[in-house]
Every structure is written in C-alpha cells, then in structure tokens.
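Quick look at work_24.pdb (PDB, C-alpha atoms, pLDDT in the B column):
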```pdb
ATOM      1  CA  MET A 120     121.192  97.374 121.009  1.00 37.00           C
ATOM      2  CA  ASN A 121     119.390  97.093 117.677  1.00 42.00           C
ATOM      3  CA  THR A 122     121.502  97.549 114.563  1.00 48.00           C
ATOM      4  CA  LYS A 123     119.840  99.503 111.781  1.00 58.00           C
ATOM      5  CA  ILE A 124     119.414  97.362 108.676  1.00 68.00           C
ATOM      6  CA  GLN A 125     121.122  98.801 105.619  1.00 80.00           C
ATOM      7  CA  LYS A 126     119.676  98.611 102.113  1.00 89.00           C
ATOM      8  CA  LYS A 127     121.886  96.719  99.670  1.00 96.00           C
ATOM      9  CA  MET A 128     121.028  97.586  96.082  1.00 98.00           C
ATOM     10  CA  TYR A 129     122.783  97.245  92.741  1.00 98.00           C
ATOM     11  CA  LEU A 130     121.515  99.543  89.989  1.00 98.00           C
ATOM     12  CA  SER A 131     122.669  99.033  86.408  1.00 98.00           C
ATOM     13  CA  GLY A 132     122.614 101.567  83.582  1.00 97.00           C
ATOM     14  CA  GLY A 133     121.109  98.985  81.266  1.00 96.00           C
ATOM     15  CA  GLY A 134     123.960  97.531  79.245  1.00 93.00           C
ATOM     16  CA  ASP A 135     124.369  93.887  78.269  1.00 95.00           C
ATOM     17  CA  GLU A 136     126.233  91.312  80.361  1.00 96.00           C
ATOM     18  CA  LYS A 137     129.585  92.582  79.065  1.00 96.00           C
ATOM     19  CA  SER A 138     128.833  96.242  79.773  1.00 96.00           C
ATOM     20  CA  SER A 139     127.513  95.521  83.266  1.00 97.00           C
ATOM     21  CA  TYR A 140     130.163  92.933  84.150  1.00 98.00           C
ATOM     22  CA  PRO A 141     131.873  94.979  86.908  1.00 97.00           C
ATOM     23  CA  LEU A 142     128.585  95.648  88.721  1.00 98.00           C
ATOM     24  CA  ASP A 143     127.320  92.114  88.148  1.00 98.00           C
ATOM     25  CA  ARG A 144     130.503  90.722  89.649  1.00 98.00           C
ATOM     26  CA  TYR A 145     129.829  92.559  92.908  1.00 98.00           C
ATOM     27  CA  PHE A 146     126.197  91.469  92.906  1.00 98.00           C
ATOM     28  CA  PHE A 147     126.824  87.780  92.319  1.00 98.00           C
ATOM     29  CA  SER A 148     129.673  87.712  94.833  1.00 97.00           C
ATOM     30  CA  SER A 149     127.296  89.104  97.482  1.00 97.00           C
ATOM     31  CA  ILE A 150     124.990  86.081  97.255  1.00 98.00           C
ATOM     32  CA  PRO A 151     125.941  83.509  99.917  1.00 97.00           C
ATOM     33  CA  LYS A 152     126.918  79.956  99.029  1.00 96.00           C
ATOM     34  CA  ARG A 153     123.870  77.774  98.475  1.00 96.00           C
ATOM     35  CA  GLY A 154     121.858  80.978  98.344  1.00 97.00           C
ATOM     36  CA  MET A 155     118.516  81.460  96.610  1.00 98.00           C
ATOM     37  CA  LEU A 156     118.067  83.982  93.805  1.00 98.00           C
ATOM     38  CA  LEU A 157     114.786  85.190  92.319  1.00 98.00           C
ATOM     39  CA  TYR A 158     114.764  86.505  88.749  1.00 98.00           C
ATOM     40  CA  LEU A 159     111.806  88.546  87.456  1.00 98.00           C
ATOM     41  CA  PRO A 160     111.890  89.107  83.662  1.00 98.00           C
ATOM     42  CA  ILE A 161     108.400  90.635  83.625  1.00 97.00           C
ATOM     43  CA  ALA A 162     109.536  93.986  82.178  1.00 98.00           C
ATOM     44  CA  LEU A 163     110.169  92.049  78.953  1.00 97.00           C
ATOM     45  CA  ARG A 164     106.589  90.835  78.662  1.00 95.00           C
ATOM     46  CA  GLY A 165     105.480  91.213  75.050  1.00 92.00           C
ATOM     47  CA  HIS A 166     109.069  91.543  73.812  1.00 94.00           C
ATOM     48  CA  ARG A 167     110.773  88.959  71.616  1.00 94.00           C
ATOM     49  CA  LEU A 168     113.402  88.409  74.369  1.00 94.00           C
ATOM     50  CA  PHE A 169     110.847  87.376  76.994  1.00 96.00           C
ATOM     51  CA  ASN A 170     110.748  83.657  76.185  1.00 96.00           C
ATOM     52  CA  GLY A 171     114.533  83.355  76.235  1.00 97.00           C
ATOM     53  CA  ALA A 172     115.048  85.430  79.384  1.00 97.00           C
ATOM     54  CA  GLU A 173     115.671  82.529  81.755  1.00 98.00           C
ATOM     55  CA  LYS A 174     118.219  80.925  79.436  1.00 98.00           C
ATOM     56  CA  TRP A 175     120.028  84.261  79.120  1.00 97.00           C
ATOM     57  CA  PHE A 176     120.050  84.812  82.871  1.00 98.00           C
ATOM     58  CA  ARG A 177     121.426  81.357  83.552  1.00 98.00           C
ATOM     59  CA  SER A 178     124.254  82.149  81.132  1.00 98.00           C
ATOM     60  CA  VAL A 179     125.014  85.299  83.147  1.00 98.00           C
ATOM     61  CA  MET A 180     125.110  83.248  86.354  1.00 98.00           C
ATOM     62  CA  LYS A 181     127.534  80.877  84.647  1.00 98.00           C
ATOM     63  CA  LEU A 182     129.675  83.814  83.523  1.00 98.00           C
ATOM     64  CA  HIS A 183     130.126  84.686  87.209  1.00 98.00           C
ATOM     65  CA  ASN A 184     130.529  81.067  88.364  1.00 98.00           C
ATOM     66  CA  ARG A 185     127.367  81.076  90.455  1.00 98.00           C
ATOM     67  CA  HIS A 186     125.350  78.660  88.310  1.00 97.00           C
ATOM     68  CA  GLU A 187     126.120  75.604  90.438  1.00 97.00           C
ATOM     69  CA  ASP A 188     125.949  76.821  94.036  1.00 97.00           C
ATOM     70  CA  VAL A 189     123.049  79.293  93.765  1.00 98.00           C
ATOM     71  CA  SER A 190     119.455  78.084  93.327  1.00 98.00           C
ATOM     72  CA  LEU A 191     117.515  80.104  90.764  1.00 98.00           C
ATOM     73  CA  GLU A 192     113.765  80.605  90.673  1.00 98.00           C
ATOM     74  CA  VAL A 193     112.050  82.570  87.880  1.00 98.00           C
ATOM     75  CA  TRP A 194     108.666  84.279  88.234  1.00 98.00           C
ATOM     76  CA  ASP A 195     106.823  85.537  85.176  1.00 95.00           C
ATOM     77  CA  ASP A 196     103.587  86.134  87.108  1.00 95.00           C
ATOM     78  CA  LEU A 197     103.182  88.188  90.298  1.00 97.00           C
ATOM     79  CA  THR A 198      99.637  87.043  91.075  1.00 96.00           C
ATOM     80  CA  ASN A 199      99.209  86.363  94.816  1.00 95.00           C
ATOM     81  CA  LYS A 200     102.907  86.907  95.509  1.00 96.00           C
ATOM     82  CA  ASP A 201     103.562  88.550  98.894  1.00 95.00           C
ATOM     83  CA  PHE A 202     106.405  89.074 101.345  1.00 96.00           C
ATOM     84  CA  CYS A 203     106.103  85.515 102.630  1.00 95.00           C
ATOM     85  CA  ASN A 204     106.988  84.383  99.124  1.00 95.00           C
ATOM     86  CA  LEU A 205     109.963  86.767  98.965  1.00 97.00           C
ATOM     87  CA  ARG A 206     111.559  86.271 102.358  1.00 95.00           C
ATOM     88  CA  ARG A 207     113.112  82.904 101.467  1.00 96.00           C
ATOM     89  CA  PHE A 208     115.308  84.488  98.770  1.00 98.00           C
ATOM     90  CA  ASN A 209     118.747  85.945  99.474  1.00 97.00           C
ATOM     91  CA  SER A 210     118.527  88.189  96.415  1.00 98.00           C
ATOM     92  CA  ILE A 211     116.152  89.480  93.751  1.00 98.00           C
ATOM     93  CA  TYR A 212     117.046  90.518  90.196  1.00 98.00           C
ATOM     94  CA  ILE A 213     114.604  92.572  88.115  1.00 98.00           C
ATOM     95  CA  GLY A 214     115.920  93.158  84.623  1.00 97.00           C
ATOM     96  CA  GLY A 215     115.248  95.627  81.853  1.00 97.00           C
ATOM     97  CA  GLY A 216     112.381  96.059  79.452  1.00 97.00           C
ATOM     98  CA  ASN A 217     109.472  98.474  79.461  1.00 97.00           C
ATOM     99  CA  THR A 218     109.389 100.637  82.594  1.00 98.00           C
ATOM    100  CA  TRP A 219     105.697 101.537  82.279  1.00 98.00           C
ATOM    101  CA  SER A 220     104.654  97.922  81.895  1.00 97.00           C
ATOM    102  CA  LEU A 221     106.847  96.835  84.808  1.00 98.00           C
ATOM    103  CA  MET A 222     105.493  99.506  87.156  1.00 98.00           C
ATOM    104  CA  LYS A 223     101.913  98.729  86.161  1.00 98.00           C
ATOM    105  CA  GLU A 224     102.326  95.008  86.762  1.00 97.00           C
ATOM    106  CA  ILE A 225     104.041  95.491  90.115  1.00 98.00           C
ATOM    107  CA  THR A 226     101.428  97.977  91.300  1.00 98.00           C
ATOM    108  CA  GLU A 227      98.313  96.137  90.113  1.00 97.00           C
ATOM    109  CA  ASN A 228      99.507  92.913  91.747  1.00 97.00           C
ATOM    110  CA  ASP A 229     100.089  94.701  95.086  1.00 97.00           C
ATOM    111  CA  PHE A 230     103.753  93.784  94.854  1.00 97.00           C
ATOM    112  CA  LYS A 231     105.239  97.208  95.622  1.00 97.00           C
ATOM    113  CA  GLU A 232     104.936  96.900  99.381  1.00 97.00           C
ATOM    114  CA  PRO A 233     106.311  93.341  99.637  1.00 97.00           C
ATOM    115  CA  LEU A 234     109.265  94.380  97.470  1.00 98.00           C
ATOM    116  CA  ARG A 235     109.802  97.512  99.535  1.00 97.00           C
ATOM    117  CA  VAL A 236     109.740  95.541 102.794  1.00 96.00           C
ATOM    118  CA  TYR A 237     112.175  93.039 101.323  1.00 97.00           C
ATOM    119  CA  ILE A 238     114.663  95.705 100.246  1.00 97.00           C
ATOM    120  CA  GLU A 239     114.365  97.850 103.361  1.00 94.00           C
ATOM    121  CA  GLY A 240     114.738  94.705 105.453  1.00 94.00           C
ATOM    122  CA  GLY A 241     118.206  94.084 104.009  1.00 94.00           C
ATOM    123  CA  GLY A 242     117.417  91.767 101.105  1.00 96.00           C
ATOM    124  CA  ILE A 243     119.872  92.059  98.208  1.00 98.00           C
ATOM    125  CA  TYR A 244     118.312  93.739  95.174  1.00 98.00           C
ATOM    126  CA  TYR A 245     119.565  94.159  91.601  1.00 98.00           C
ATOM    127  CA  GLY A 246     117.762  96.408  89.150  1.00 98.00           C
ATOM    128  CA  GLY A 247     118.794  96.609  85.521  1.00 97.00           C
ATOM    129  CA  SER A 248     117.468  99.562  83.516  1.00 97.00           C
ATOM    130  CA  ALA A 249     113.674  99.371  84.122  1.00 98.00           C
ATOM    131  CA  GLY A 250     114.396  97.439  87.309  1.00 98.00           C
ATOM    132  CA  ALA A 251     116.592 100.330  88.457  1.00 98.00           C
ATOM    133  CA  ILE A 252     114.286 103.130  87.296  1.00 98.00           C
ATOM    134  CA  ILE A 253     111.308 101.885  89.339  1.00 98.00           C
ATOM    135  CA  CYS A 254     113.377 102.258  92.525  1.00 98.00           C
ATOM    136  CA  GLY A 255     113.551 106.021  92.083  1.00 97.00           C
ATOM    137  CA  SER A 256     111.095 108.758  92.944  1.00 97.00           C
ATOM    138  CA  ASN A 257     109.832 109.424  89.402  1.00 97.00           C
ATOM    139  CA  ILE A 258     109.826 106.980  86.489  1.00 97.00           C
ATOM    140  CA  ASP A 259     108.966 109.507  83.764  1.00 94.00           C
ATOM    141  CA  ILE A 260     112.595 110.065  82.805  1.00 91.00           C
ATOM    142  CA  GLN A 261     112.910 107.369  80.137  1.00 91.00           C
ATOM    143  CA  SER A 262     111.800 107.000  76.547  1.00 91.00           C
ATOM    144  CA  ASP A 263     109.929 103.690  76.739  1.00 95.00           C
ATOM    145  CA  GLU A 264     106.704 103.650  74.766  1.00 95.00           C
ATOM    146  CA  ASN A 265     103.745 103.665  77.145  1.00 97.00           C
ATOM    147  CA  LEU A 266     101.776 100.893  75.461  1.00 93.00           C
ATOM    148  CA  VAL A 267      99.963  99.967  78.690  1.00 96.00           C
ATOM    149  CA  ASN A 268      98.561 103.483  79.233  1.00 96.00           C
ATOM    150  CA  TRP A 269     100.049 103.752  82.744  1.00 97.00           C
ATOM    151  CA  ARG A 270      99.697 107.349  83.984  1.00 96.00           C
ATOM    152  CA  ASP A 271     101.187 107.163  87.469  1.00 97.00           C
ATOM    153  CA  THR A 272     104.756 108.471  87.262  1.00 97.00           C
ATOM    154  CA  ASN A 273     105.632 107.657  90.873  1.00 97.00           C
ATOM    155  CA  GLY A 274     108.348 105.111  91.482  1.00 97.00           C
ATOM    156  CA  MET A 275     109.034 103.253  94.703  1.00 97.00           C
ATOM    157  CA  ASP A 276     111.147 106.120  96.085  1.00 96.00           C
ATOM    158  CA  LEU A 277     113.761 103.905  97.721  1.00 96.00           C
ATOM    159  CA  LEU A 278     116.671 106.259  96.989  1.00 95.00           C
ATOM    160  CA  ASN A 279     116.035 109.236  99.263  1.00 93.00           C
ATOM    161  CA  GLY A 280     114.329 111.304  96.581  1.00 94.00           C
ATOM    162  CA  LEU A 281     116.610 110.381  93.687  1.00 96.00           C
ATOM    163  CA  SER A 282     115.187 109.287  90.353  1.00 97.00           C
ATOM    164  CA  VAL A 283     117.247 107.020  88.083  1.00 98.00           C
ATOM    165  CA  ALA A 284     118.028 107.625  84.412  1.00 97.00           C
ATOM    166  CA  CYS A 285     119.584 104.758  82.436  1.00 97.00           C
ATOM    167  CA  HIS A 286     121.235 104.339  79.026  1.00 97.00           C
ATOM    168  CA  VAL A 287     122.711 107.831  79.458  1.00 97.00           C
ATOM    169  CA  THR A 288     125.188 109.149  76.897  1.00 96.00           C
ATOM    170  CA  GLU A 289     127.120 112.418  76.884  1.00 93.00           C
ATOM    171  CA  GLU A 290     124.713 113.690  74.225  1.00 92.00           C
ATOM    172  CA  LYS A 291     121.706 112.775  76.355  1.00 92.00           C
ATOM    173  CA  PHE A 292     123.129 114.267  79.540  1.00 93.00           C
ATOM    174  CA  ASN A 293     122.321 117.891  78.623  1.00 91.00           C
ATOM    175  CA  MET A 294     118.750 116.914  77.806  1.00 91.00           C
ATOM    176  CA  LEU A 295     118.438 115.220  81.197  1.00 93.00           C
ATOM    177  CA  GLU A 296     119.732 118.332  82.936  1.00 94.00           C
ATOM    178  CA  ASN A 297     116.984 120.388  81.288  1.00 93.00           C
ATOM    179  CA  MET A 298     114.367 117.769  82.130  1.00 91.00           C
ATOM    180  CA  ALA A 299     115.468 117.630  85.764  1.00 93.00           C
ATOM    181  CA  ARG A 300     115.259 121.409  86.044  1.00 92.00           C
ATOM    182  CA  LYS A 301     111.794 121.596  84.458  1.00 91.00           C
ATOM    183  CA  LYS A 302     110.361 118.750  86.537  1.00 90.00           C
ATOM    184  CA  ASN A 303     112.275 119.684  89.690  1.00 93.00           C
ATOM    185  CA  LEU A 304     113.857 116.237  89.862  1.00 94.00           C
ATOM    186  CA  HIS A 305     117.068 115.034  91.448  1.00 96.00           C
ATOM    187  CA  LEU A 306     118.533 112.402  89.105  1.00 96.00           C
ATOM    188  CA  LEU A 307     121.174 109.718  89.217  1.00 97.00           C
ATOM    189  CA  ALA A 308     122.327 109.332  85.609  1.00 97.00           C
ATOM    190  CA  LEU A 309     123.865 105.986  84.602  1.00 98.00           C
ATOM    191  CA  ALA A 310     125.541 105.000  81.357  1.00 97.00           C
ATOM    192  CA  GLU A 311     125.095 101.466  80.051  1.00 97.00           C
ATOM    193  CA  THR A 312     128.650 100.677  81.175  1.00 97.00           C
ATOM    194  CA  ALA A 313     128.112 102.039  84.681  1.00 98.00           C
ATOM    195  CA  GLY A 314     126.251 101.084  87.811  1.00 98.00           C
ATOM    196  CA  ALA A 315     125.758 102.145  91.406  1.00 98.00           C
ATOM    197  CA  ILE A 316     125.982 100.128  94.596  1.00 98.00           C
ATOM    198  CA  ILE A 317     123.772 101.497  97.350  1.00 96.00           C
ATOM    199  CA  ASP A 318     124.797 100.797 100.936  1.00 91.00           C
ATOM    200  CA  GLY A 319     122.191 102.250 103.232  1.00 81.00           C
ATOM    201  CA  VAL A 320     121.778 105.887 102.210  1.00 77.00           C
ATOM    202  CA  SER A 321     124.993 106.348 100.215  1.00 88.00           C
ATOM    203  CA  TYR A 322     126.195 104.918  96.928  1.00 94.00           C
ATOM    204  CA  ARG A 323     129.371 104.349  94.960  1.00 96.00           C
ATOM    205  CA  CYS A 324     129.855 104.092  91.228  1.00 98.00           C
ATOM    206  CA  VAL A 325     131.126 100.950  89.510  1.00 97.00           C
ATOM    207  CA  GLY A 326     132.276 100.446  85.937  1.00 96.00           C
ATOM    208  CA  ASN A 327     132.989 103.104  83.336  1.00 93.00           C
ATOM    209  CA  GLY A 328     131.032 105.952  81.839  1.00 93.00           C
ATOM    210  CA  ILE A 329     128.538 108.376  83.324  1.00 96.00           C
ATOM    211  CA  CYS A 330     127.501 107.795  86.925  1.00 97.00           C
ATOM    212  CA  ARG A 331     126.651 111.150  88.459  1.00 95.00           C
ATOM    213  CA  GLU A 332     123.871 113.186  89.927  1.00 95.00           C
ATOM    214  CA  ILE A 333     121.947 115.968  88.243  1.00 93.00           C
TER     215      ILE A 333
END
```
Rewritten as structure tokens:
Amino acid sequence: MNTKIQKKMYLSGGGDEKSSYPLDRYFFSSIPKRGMLLYLPIALRGHRLFNGAEKWFRSVMKLHNRHEDVSLEVWDDLTNKDFCNLRRFNSIYIGGGNTWSLMKEITENDFKEPLRVYIEGGGIYYGGSAGAIICGSNIDIQSDENLVNWRDTNGMDLLNGLSVACHVTEEKFNMLENMARKKNLHLLALAETAGAIIDGVSYRCVGNGICREI
C-alpha cells in the first residue's frame, strides 16, 4: 500500500530570530542529524542585508545548535537549478525581502515547478515573510514596493487556496479583512511573533500574536 506523502512546511510571520524562535525551533529540530540545508536569500537582492545574509543565517543555526551537524549550502543564483539540484537537501529555507522580486526571480528561472515538486514530495520547507507569501494563492496582499514591475499576482498555491499575509498587527487586521472581501481571498494572517506549521492539508499555530484565517 502506498502512503500519501504529507507536505511539511513552516511559515513565519516575518519577525527576527527572536520573534520567530518558537517556530524556528520546530524547523531546525525537524532536520535530521548530518542533514543538508539549503538557504536562499534571494528575496534580499538589492537590499543592504543581502551581503550579510549567510553570516546571519549561520548565527541562527548556531542559536538552535544545528551549526555543527547540519551542512549548509547558500544559493544566490537560481540559474539552471532544477529538481535534481534540490533533491539532495533535507530542507530549504527561503527568507524575507521583497515578495515581487522573489516571485519574479523564481518564475523567470523556471524554479517554481522544481520547488513545488520538492515540497509536495515531502521535502521540509521554511518560508519567512516573502518566502511564506509566495506559497499562497495570491501574493498581492503585502506592501512591498514593486520595483521589478512584476504584474503576475499568482503565488504557488500550495496551501489549498489560502493566501498568506505577514507582519500583521491588530491595526492591520481590519484592513486585511476588507481586502480579502474585495478580492475574494481566503487569508492566513500571521503576526511577526507567530508562525504556522503545515502538516499535509492542516496547520497549527506556533508562537504568540495573530495566527488566524480571514
């Protein structure tokens, strides 16, 4: 009998390593010993934090005591990257930055399908802010400046029709409710101190702050 493979995804509301600590703890503990982790900081391209992204991420690994037994590889270019390149990793982490730029780069490098196959095949995925938003149905629910002139608002739709909103505050929640109604969207709203762990088709909230559907 074939067992259906369950998606394993960790979606962060976009806070720093202190705000996302509870979710990060679950993510890093899910990586097997001597596992391989891929970090993609490409959403930060053009930002002052881009050059220091690897150093920051290694500090986060150290915070969770996975800096010695997990092998890290960092890609800042998706050219000619396919599923064969991804399948050797136990987990993938795509961090925050500009959602439009991230979606454009993933799409134009034909990386959406390899990433989708990886996730739907049971690979462990972590998305922080922009990395979480692209997993939803619609990415036009954030306030990032569209400097790359990307007009396609479709995300990867890996969450059964849900779209993801990050950096959500109580003040912003009412605005999101109105936006969801106008655009006929089903949203998962996440505060910077909250995250969601997706197991298959269901999810559970981790951390504090807003983590609820609209």
Please enumerate the residues selected by the PyMOL selection byres ((chain A and resi 163) around 10) when evaluated against the supplied file, formatted as a short mmCIF file (atom, residue, chain, number, x, y, z; two decimals) with C-alpha atoms, in the coordinates of the input.
```
data_model
loop_
_atom_site.label_atom_id
_atom_site.label_comp_id
_atom_site.auth_asym_id
_atom_site.auth_seq_id
_atom_site.Cartn_x
_atom_site.Cartn_y
_atom_site.Cartn_z
CA LEU A 159 111.81 88.55 87.46
CA PRO A 160 111.89 89.11 83.66
CA ILE A 161 108.40 90.64 83.62
CA ALA A 162 109.54 93.99 82.18
CA ARG A 164 106.59 90.84 78.66
CA GLY A 165 105.48 91.21 75.05
CA HIS A 166 109.07 91.54 73.81
CA ARG A 167 110.77 88.96 71.62
CA LEU A 168 113.40 88.41 74.37
CA PHE A 169 110.85 87.38 76.99
CA ASN A 170 110.75 83.66 76.18
CA ALA A 172 115.05 85.43 79.38
CA ASP A 195 106.82 85.54 85.18
CA GLY A 214 115.92 93.16 84.62
CA GLY A 215 115.25 95.63 81.85
CA GLY A 216 112.38 96.06 79.45
CA ASN A 217 109.47 98.47 79.46
CA THR A 218 109.39 100.64 82.59
CA SER A 220 104.65 97.92 81.90
CA LEU A 221 106.85 96.84 84.81
CA ALA A 249 113.67 99.37 84.12
#
```
Determine, for each residue of stretch 219-302 of chain A having at least one atom at most 9 Å from an atom of stretch 142-154 of chain A, the closest pair of atoms and their separation in Å to one decimal, counting only C-alpha atoms; order by chain and ascending number, as a Markdown table.
```
| residue | atom | partner | partner_atom | distance |
| --- | --- | --- | --- | --- |
| A:Ile243 | CA | A:Ile150 | CA | 7.9 |
| A:Tyr244 | CA | A:Phe146 | CA | 8.5 |
| A:Tyr245 | CA | A:Phe146 | CA | 7.3 |
```
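Closest approach to A:Leu295 among A:Ala313, A:Leu266, A:Leu278, A:Ile333: A:Ile333, based on all atoms listed in the file.
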Item to check | Among listed residues A:Gly241, A:Gly134, A:Gly326, A:Gly274, nearest A:Ile225 (using only C-alpha atoms) | outcome: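 Looking only at the distances to A:Ile225, the closest residue turns out to be A:Gly274.
Among the candidates A:Met275, A:Ala315, A:Cys324, A:Ile258, the residue lying nearest to A:Thr226 is A:Met275 (atoms considered: all atoms listed in the file).
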Taking (118.1, 99.3, 88.7) in the file's coordinates as the center, which residues reach within 9 Å of it, counting only C-alpha atoms, put as a PDB file with C-alpha atoms, in the coordinates of the input?
```
ATOM      1  CA  MET A 128     121.028  97.586  96.082  1.00 98.00           C
ATOM      2  CA  TYR A 129     122.783  97.245  92.741  1.00 98.00           C
ATOM      3  CA  LEU A 130     121.515  99.543  89.989  1.00 98.00           C
ATOM      4  CA  SER A 131     122.669  99.033  86.408  1.00 98.00           C
ATOM      5  CA  GLY A 132     122.614 101.567  83.582  1.00 97.00           C
ATOM      6  CA  GLY A 133     121.109  98.985  81.266  1.00 96.00           C
ATOM      7  CA  TYR A 212     117.046  90.518  90.196  1.00 98.00           C
ATOM      8  CA  ILE A 213     114.604  92.572  88.115  1.00 98.00           C
ATOM      9  CA  GLY A 214     115.920  93.158  84.623  1.00 97.00           C
ATOM     10  CA  GLY A 215     115.248  95.627  81.853  1.00 97.00           C
ATOM     11  CA  TYR A 244     118.312  93.739  95.174  1.00 98.00           C
ATOM     12  CA  TYR A 245     119.565  94.159  91.601  1.00 98.00           C
ATOM     13  CA  GLY A 246     117.762  96.408  89.150  1.00 98.00           C
ATOM     14  CA  GLY A 247     118.794  96.609  85.521  1.00 97.00           C
ATOM     15  CA  SER A 248     117.468  99.562  83.516  1.00 97.00           C
ATOM     16  CA  ALA A 249     113.674  99.371  84.122  1.00 98.00           C
ATOM     17  CA  GLY A 250     114.396  97.439  87.309  1.00 98.00           C
ATOM     18  CA  ALA A 251     116.592 100.330  88.457  1.00 98.00           C
ATOM     19  CA  ILE A 252     114.286 103.130  87.296  1.00 98.00           C
ATOM     20  CA  ILE A 253     111.308 101.885  89.339  1.00 98.00           C
ATOM     21  CA  CYS A 254     113.377 102.258  92.525  1.00 98.00           C
ATOM     22  CA  GLY A 255     113.551 106.021  92.083  1.00 97.00           C
ATOM     23  CA  VAL A 283     117.247 107.020  88.083  1.00 98.00           C
ATOM     24  CA  CYS A 285     119.584 104.758  82.436  1.00 97.00           C
ATOM     25  CA  GLY A 314     126.251 101.084  87.811  1.00 98.00           C
ATOM     26  CA  ALA A 315     125.758 102.145  91.406  1.00 98.00           C
TER      27      ALA A 315
END
```
All residues 8 Å or closer to stretch 198-209 of chain A, only C-alpha atoms, same chain fewer than 2 positions away omitted, as a short mmCIF file (atom, residue, chain, number, x, y, z; two decimals) with C-alpha atoms, in the frame of the given file:
```cif
data_model
loop_
_atom_site.label_atom_id
_atom_site.label_comp_id
_atom_site.auth_asym_id
_atom_site.auth_seq_id
_atom_site.Cartn_x
_atom_site.Cartn_y
_atom_site.Cartn_z
CA ILE A 150 124.99 86.08 97.26
CA PRO A 151 125.94 83.51 99.92
CA GLY A 154 121.86 80.98 98.34
CA MET A 155 118.52 81.46 96.61
CA LEU A 156 118.07 83.98 93.80
CA LEU A 157 114.79 85.19 92.32
CA ASP A 196 103.59 86.13 87.11
CA ILE A 211 116.15 89.48 93.75
CA ASN A 228 99.51 92.91 91.75
CA PHE A 230 103.75 93.78 94.85
CA PRO A 233 106.31 93.34 99.64
CA LEU A 234 109.26 94.38 97.47
CA VAL A 236 109.74 95.54 102.79
CA TYR A 237 112.18 93.04 101.32
CA GLY A 242 117.42 91.77 101.10
CA ILE A 243 119.87 92.06 98.21
#
```
Checklist entry - Which is closer to A:Arg235 than all the others in A:Leu277, A:Arg185, A:Asn257, A:Ala299, using only C-alpha atoms? => result A:Leu277
Item to check | Hits of the PyMOL selection byres ((chain A and resi 267-269) around 9) in this structure, as JSON, numbers by chain | outcome: {"A": [219, 220, 222, 223, 264, 265, 266, 270, 271, 272]}
Next on the checklist: Could you check the closest approach to A:Gly240 for each of A:Ser139, A:Lys181, A:Glu296, A:Gln125 and tell me which residue wins, using all atoms listed in the file?
Outcome noted: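 For A:Gly240, the nearest of the given residues is A:Gln125.
Between atom CA of A:Leu281 and atom CA of A:Asn293 lies a distance of 17.8 Å.
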Next on the checklist: Going by the chain IDs and residue numbers used in this file, which residues fall under the PyMOL selection byres ((chain A and resi 329) around 6)? Write them as a list in words.
Outcome noted: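 Checked against the file, the PyMOL selection byres ((chain A and resi 329) around 6) matches Leu309, Ala310, Gly328 and Cys330 of chain A.
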